[in-house]
Amino acid sequence: MRLLSCIAFLALVCLCASCTEDDTASGVPHYVNKLTLGTGANASNSGLTGESTTFRGLGGVTVIYWRLESAADFGGVGLSLKIEKRSGSTYTTIGTYPYASQKNYGHVIVSSISLADAGTFRATGLLTATSAEVASTVFTVQW
């Protein structure tokens, strides 16, 4: 009986030792391709405040903060945020706004744009050199 208990204990120790930790549980962030929008930026953690997909313009201008996260390290490449406005069932590009990376590494970029129009829009984060899409999201601006 004692031998059986030792074997069971040893099997349990081997099983636990072979399991890998979840990245978020170990304190290592797990990045995904994601574009989020908000009403402000939090400089202390590269996050956004007032995350939303609906924004209200003031004085004819709406400032929207965006956070583009990539599963792959950006590696210092230039990024662009393409804004398209929906008309019926189609989207028409109203602008592509370049963002020069300040460092040669990282998974997260936070910046802002100003829009002087109301409606439904699609924002898409792109790698400037290749126009490869990182992530996109649909949002609404109301007056």
# chains A, B, ... in the order shown; residues from 1 in each chain; ligands from 1
>>> residues_around(residues="region 67-72 of chain A", least_positions_apart="3", cutoff="6 Å", atoms="only C-alpha atoms", output="list of chain:residue names")
A:Tyr31, A:Val32, A:Asn33, A:Lys34, A:Leu35, A:Thr36, A:His107, A:Val108, A:Ile109, A:Val110
>>> write_last_selection(atoms="C-alpha atoms", output="PDB file, in the first residue's frame")
ATOM      1  CA  TYR A  31      -1.074  39.856 -26.787  1.00  0.00           C
ATOM      2  CA  VAL A  32      -3.787  39.490 -29.435  1.00  0.00           C
ATOM      3  CA  ASN A  33      -4.662  41.387 -32.598  1.00  0.00           C
ATOM      4  CA  LYS A  34      -7.163  43.955 -31.341  1.00  0.00           C
ATOM      5  CA  LEU A  35      -8.166  47.569 -31.967  1.00  0.00           C
ATOM      6  CA  THR A  36     -10.018  49.341 -29.157  1.00  0.00           C
ATOM      7  CA  HIS A 107       3.015  45.078 -29.172  1.00  0.00           C
ATOM      8  CA  VAL A 108       0.886  48.152 -28.356  1.00  0.00           C
ATOM      9  CA  ILE A 109       0.442  51.603 -29.899  1.00  0.00           C
ATOM     10  CA  VAL A 110      -1.833  54.283 -28.400  1.00  0.00           C
TER      11      VAL A 110
END
>>> select_by_dssp(residues="chain A", states="alpha helix (DSSP H)", output="PyMOL selection string")
chain A and resi 2-18
>>> write_last_selection(atoms="all heavy atoms", output="short mmCIF file (atom, residue, chain, number, x, y, z; two decimals), in the first residue's frame")
data_model
loop_
_atom_site.label_atom_id
_atom_site.label_comp_id
_atom_site.auth_asym_id
_atom_site.auth_seq_id
_atom_site.Cartn_x
_atom_site.Cartn_y
_atom_site.Cartn_z
N ARG A 2 1.93 1.21 0.78
CA ARG A 2 2.81 2.36 0.86
C ARG A 2 3.47 2.61 -0.50
O ARG A 2 3.66 3.76 -0.90
CB ARG A 2 3.85 2.10 1.95
CG ARG A 2 4.68 3.29 2.23
CD ARG A 2 5.60 3.02 3.41
NE ARG A 2 6.20 4.27 3.76
CZ ARG A 2 6.24 4.79 4.94
NH1 ARG A 2 5.72 4.14 5.95
NH2 ARG A 2 6.79 5.94 5.17
N LEU A 3 3.84 1.56 -1.22
CA LEU A 3 4.44 1.70 -2.55
C LEU A 3 3.46 2.33 -3.52
O LEU A 3 3.83 3.20 -4.31
CB LEU A 3 4.88 0.32 -3.05
CG LEU A 3 5.52 0.31 -4.43
CD1 LEU A 3 6.79 1.16 -4.46
CD2 LEU A 3 5.84 -1.12 -4.84
N LEU A 4 2.19 1.96 -3.44
CA LEU A 4 1.16 2.53 -4.30
C LEU A 4 0.98 4.02 -4.02
O LEU A 4 0.83 4.83 -4.95
CB LEU A 4 -0.16 1.77 -4.09
CG LEU A 4 -1.28 2.11 -5.06
CD1 LEU A 4 -0.85 1.88 -6.50
CD2 LEU A 4 -2.51 1.28 -4.75
N SER A 5 1.02 4.41 -2.76
CA SER A 5 0.91 5.84 -2.41
C SER A 5 2.09 6.62 -2.95
O SER A 5 1.94 7.74 -3.44
CB SER A 5 0.85 6.00 -0.88
OG SER A 5 -0.32 5.44 -0.37
N CYS A 6 3.29 6.07 -2.85
CA CYS A 6 4.48 6.74 -3.37
C CYS A 6 4.40 6.90 -4.88
O CYS A 6 4.77 7.96 -5.42
CB CYS A 6 5.74 5.95 -3.00
SG CYS A 6 6.17 6.09 -1.25
N ILE A 7 3.92 5.88 -5.58
CA ILE A 7 3.80 5.95 -7.04
C ILE A 7 2.77 7.01 -7.43
O ILE A 7 2.99 7.80 -8.34
CB ILE A 7 3.45 4.56 -7.63
CG1 ILE A 7 4.63 3.62 -7.47
CG2 ILE A 7 3.04 4.68 -9.09
CD1 ILE A 7 4.34 2.18 -7.85
N ALA A 8 1.65 7.05 -6.72
CA ALA A 8 0.62 8.05 -7.00
C ALA A 8 1.15 9.46 -6.75
O ALA A 8 0.92 10.39 -7.53
CB ALA A 8 -0.63 7.79 -6.15
N PHE A 9 1.88 9.65 -5.65
CA PHE A 9 2.46 10.96 -5.35
C PHE A 9 3.47 11.35 -6.41
O PHE A 9 3.47 12.49 -6.88
CB PHE A 9 3.12 10.92 -3.96
CG PHE A 9 3.80 12.21 -3.61
CD1 PHE A 9 3.06 13.33 -3.24
CD2 PHE A 9 5.18 12.31 -3.65
CE1 PHE A 9 3.68 14.53 -2.93
CE2 PHE A 9 5.80 13.50 -3.34
CZ PHE A 9 5.07 14.61 -2.97
N LEU A 10 4.33 10.44 -6.82
CA LEU A 10 5.33 10.73 -7.84
C LEU A 10 4.66 11.07 -9.18
O LEU A 10 5.09 11.99 -9.88
CB LEU A 10 6.26 9.52 -8.00
CG LEU A 10 7.49 9.73 -8.86
CD1 LEU A 10 8.33 10.90 -8.35
CD2 LEU A 10 8.33 8.48 -8.89
N ALA A 11 3.60 10.36 -9.52
CA ALA A 11 2.87 10.64 -10.76
C ALA A 11 2.26 12.04 -10.71
O ALA A 11 2.29 12.79 -11.70
CB ALA A 11 1.78 9.60 -11.00
N LEU A 12 1.72 12.44 -9.57
CA LEU A 12 1.14 13.76 -9.41
C LEU A 12 2.20 14.85 -9.54
O LEU A 12 1.99 15.87 -10.20
CB LEU A 12 0.43 13.87 -8.06
CG LEU A 12 -0.25 15.21 -7.76
CD1 LEU A 12 -1.35 15.47 -8.79
CD2 LEU A 12 -0.82 15.21 -6.36
N VAL A 13 3.37 14.63 -8.95
CA VAL A 13 4.47 15.60 -9.05
C VAL A 13 4.92 15.73 -10.49
O VAL A 13 5.12 16.85 -11.00
CB VAL A 13 5.64 15.20 -8.13
CG1 VAL A 13 6.89 16.02 -8.43
CG2 VAL A 13 5.25 15.34 -6.67
N CYS A 14 5.06 14.64 -11.21
CA CYS A 14 5.47 14.68 -12.63
C CYS A 14 4.42 15.41 -13.47
O CYS A 14 4.77 16.18 -14.37
CB CYS A 14 5.70 13.27 -13.16
SG CYS A 14 7.17 12.49 -12.48
N LEU A 15 3.16 15.16 -13.19
CA LEU A 15 2.09 15.81 -13.94
C LEU A 15 2.12 17.32 -13.73
O LEU A 15 2.04 18.10 -14.67
CB LEU A 15 0.72 15.25 -13.53
CG LEU A 15 -0.48 15.89 -14.21
CD1 LEU A 15 -0.47 15.59 -15.70
CD2 LEU A 15 -1.76 15.40 -13.57
N CYS A 16 2.27 17.74 -12.49
CA CYS A 16 2.30 19.18 -12.19
C CYS A 16 3.54 19.84 -12.78
O CYS A 16 3.48 20.97 -13.27
CB CYS A 16 2.27 19.42 -10.68
SG CYS A 16 0.67 19.01 -9.96
N ALA A 17 4.66 19.16 -12.78
CA ALA A 17 5.89 19.73 -13.32
C ALA A 17 5.83 19.86 -14.83
O ALA A 17 6.47 20.74 -15.42
CB ALA A 17 7.09 18.87 -12.92
N SER A 18 5.04 19.03 -15.50
CA SER A 18 4.98 19.08 -16.97
C SER A 18 3.99 20.11 -17.48
O SER A 18 4.02 20.45 -18.65
CB SER A 18 4.62 17.70 -17.52
OG SER A 18 3.29 17.38 -17.18
#
>>> residues_around(residues="region 55-59 of chain A", least_positions_apart="4", cutoff="6 Å", atoms="only C-alpha atoms", output="list in words")
Val141, Gln142 and Trp143 of chain A
>>> write_last_selection(atoms="N, CA and C atoms", output="PDB file, in the first residue's frame")
ATOM      1  N   VAL A 141     -20.286  57.806 -34.435  1.00  0.00           N
ATOM      2  CA  VAL A 141     -20.142  59.167 -33.912  1.00  0.00           C
ATOM      3  C   VAL A 141     -21.493  59.853 -34.045  1.00  0.00           C
ATOM      4  N   GLN A 142     -21.951  60.438 -32.945  1.00  0.00           N
ATOM      5  CA  GLN A 142     -23.236  61.134 -32.910  1.00  0.00           C
ATOM      6  C   GLN A 142     -23.000  62.581 -32.542  1.00  0.00           C
ATOM      7  N   TRP A 143     -23.882  63.474 -32.997  1.00  0.00           N
ATOM      8  CA  TRP A 143     -23.813  64.892 -32.619  1.00  0.00           C
ATOM      9  C   TRP A 143     -24.818  65.172 -31.575  1.00  0.00           C
TER      10      TRP A 143
END
>>> closest_residue(among="A:Ala123, A:Val138, A:Val77, A:Ile113", to="Ser101 (chain A)", atoms="only C-alpha atoms")
A:Val77
>>> closest_residue(among="A:Asp117, A:Ser89, A:Leu81, A:Thr96", to="Ser136 (chain A)", atoms="only C-alpha atoms")
A:Leu81
>>> decode(residues="region 41-69 of chain A", atoms="N, CA, C and O atoms", output="CSV table (one decimal), in the first residue's frame")
chain,number,residue,atom,x,y,z
A,41,ALA,N,-6.7,58.4,-22.9
A,41,ALA,CA,-5.6,57.4,-22.8
A,41,ALA,C,-5.0,57.4,-21.4
A,41,ALA,O,-5.0,58.4,-20.7
A,42,ASN,N,-4.6,56.3,-21.0
A,42,ASN,CA,-3.9,56.1,-19.6
A,42,ASN,C,-2.4,55.9,-19.9
A,42,ASN,O,-2.0,54.8,-20.2
A,43,ALA,N,-1.6,56.9,-19.7
A,43,ALA,CA,-0.2,56.8,-20.0
A,43,ALA,C,0.5,55.8,-19.1
A,43,ALA,O,1.6,55.3,-19.5
A,44,SER,N,0.0,55.5,-17.9
A,44,SER,CA,0.7,54.6,-17.0
A,44,SER,C,0.7,53.2,-17.4
A,44,SER,O,1.5,52.4,-17.0
A,45,ASN,N,-0.3,52.8,-18.2
A,45,ASN,CA,-0.4,51.4,-18.6
A,45,ASN,C,-0.7,51.1,-20.1
A,45,ASN,O,-1.1,50.0,-20.5
A,46,SER,N,-0.5,52.1,-20.9
A,46,SER,CA,-0.8,52.0,-22.4
A,46,SER,C,-2.3,51.6,-22.6
A,46,SER,O,-2.5,50.9,-23.6
A,47,GLY,N,-3.2,51.9,-21.7
A,47,GLY,CA,-4.6,51.6,-21.9
A,47,GLY,C,-5.4,52.8,-22.3
A,47,GLY,O,-4.9,53.9,-22.4
A,48,LEU,N,-6.7,52.5,-22.4
A,48,LEU,CA,-7.6,53.6,-22.7
A,48,LEU,C,-8.6,53.8,-21.6
A,48,LEU,O,-8.8,52.8,-20.8
A,49,THR,N,-9.2,55.0,-21.5
A,49,THR,CA,-10.2,55.2,-20.6
A,49,THR,C,-11.5,55.4,-21.4
A,49,THR,O,-11.4,55.8,-22.6
A,50,GLY,N,-12.6,55.1,-20.8
A,50,GLY,CA,-13.9,55.3,-21.5
A,50,GLY,C,-14.0,54.5,-22.8
A,50,GLY,O,-14.5,55.0,-23.8
A,51,GLU,N,-13.6,53.2,-22.7
A,51,GLU,CA,-13.7,52.4,-23.9
A,51,GLU,C,-15.1,52.3,-24.4
A,51,GLU,O,-16.0,52.1,-23.6
A,52,SER,N,-15.3,52.4,-25.7
A,52,SER,CA,-16.6,52.5,-26.3
A,52,SER,C,-16.6,52.3,-27.8
A,52,SER,O,-15.5,52.3,-28.4
A,53,THR,N,-17.7,52.1,-28.4
A,53,THR,CA,-17.9,52.1,-29.8
A,53,THR,C,-18.9,53.2,-30.3
A,53,THR,O,-19.2,53.2,-31.4
A,54,THR,N,-19.3,54.0,-29.3
A,54,THR,CA,-20.2,55.1,-29.6
A,54,THR,C,-19.6,56.3,-29.0
A,54,THR,O,-19.3,56.3,-27.8
A,55,PHE,N,-19.5,57.4,-29.8
A,55,PHE,CA,-18.9,58.6,-29.3
A,55,PHE,C,-19.8,59.8,-29.7
A,55,PHE,O,-20.5,59.8,-30.7
A,56,ARG,N,-19.7,60.8,-28.8
A,56,ARG,CA,-20.5,62.0,-29.1
A,56,ARG,C,-19.6,63.2,-29.3
A,56,ARG,O,-18.7,63.5,-28.5
A,57,GLY,N,-19.8,63.9,-30.5
A,57,GLY,CA,-19.0,65.0,-30.8
A,57,GLY,C,-19.3,66.3,-30.1
A,57,GLY,O,-20.5,66.5,-29.7
A,58,LEU,N,-18.4,67.1,-29.9
A,58,LEU,CA,-18.6,68.4,-29.2
A,58,LEU,C,-18.0,69.5,-30.1
A,58,LEU,O,-16.8,69.4,-30.5
A,59,GLY,N,-18.8,70.5,-30.4
A,59,GLY,CA,-18.3,71.6,-31.2
A,59,GLY,C,-17.9,71.2,-32.6
A,59,GLY,O,-17.0,71.8,-33.2
A,60,GLY,N,-18.5,70.2,-33.1
A,60,GLY,CA,-18.2,69.8,-34.5
A,60,GLY,C,-17.0,68.9,-34.7
A,60,GLY,O,-16.6,68.5,-35.8
A,61,VAL,N,-16.3,68.5,-33.6
A,61,VAL,CA,-15.2,67.6,-33.6
A,61,VAL,C,-15.3,66.5,-32.6
A,61,VAL,O,-15.7,66.8,-31.4
A,62,THR,N,-14.9,65.3,-32.9
A,62,THR,CA,-14.9,64.2,-32.0
A,62,THR,C,-13.5,63.7,-31.9
A,62,THR,O,-12.9,63.3,-32.9
A,63,VAL,N,-12.9,63.7,-30.7
A,63,VAL,CA,-11.6,63.1,-30.5
A,63,VAL,C,-11.8,61.7,-30.0
A,63,VAL,O,-12.4,61.5,-29.0
A,64,ILE,N,-11.1,60.8,-30.7
A,64,ILE,CA,-11.2,59.3,-30.4
A,64,ILE,C,-9.8,58.8,-30.2
A,64,ILE,O,-8.9,59.0,-31.0
A,65,TYR,N,-9.6,58.2,-29.0
A,65,TYR,CA,-8.3,57.6,-28.7
A,65,TYR,C,-8.4,56.1,-29.2
A,65,TYR,O,-9.4,55.5,-29.0
A,66,TRP,N,-7.3,55.6,-29.7
A,66,TRP,CA,-7.2,54.3,-30.2
A,66,TRP,C,-6.0,53.5,-29.6
A,66,TRP,O,-5.0,54.1,-29.4
A,67,ARG,N,-6.2,52.2,-29.4
A,67,ARG,CA,-5.1,51.4,-28.9
A,67,ARG,C,-5.1,50.2,-29.9
A,67,ARG,O,-6.0,49.4,-29.9
A,68,LEU,N,-4.0,50.0,-30.6
A,68,LEU,CA,-3.8,48.9,-31.5
A,68,LEU,C,-2.8,47.9,-30.8
A,68,LEU,O,-1.7,48.3,-30.5
A,69,GLU,N,-3.3,46.7,-30.6
A,69,GLU,CA,-2.5,45.7,-30.0
A,69,GLU,C,-2.2,44.6,-31.1
A,69,GLU,O,-3.1,44.2,-31.8
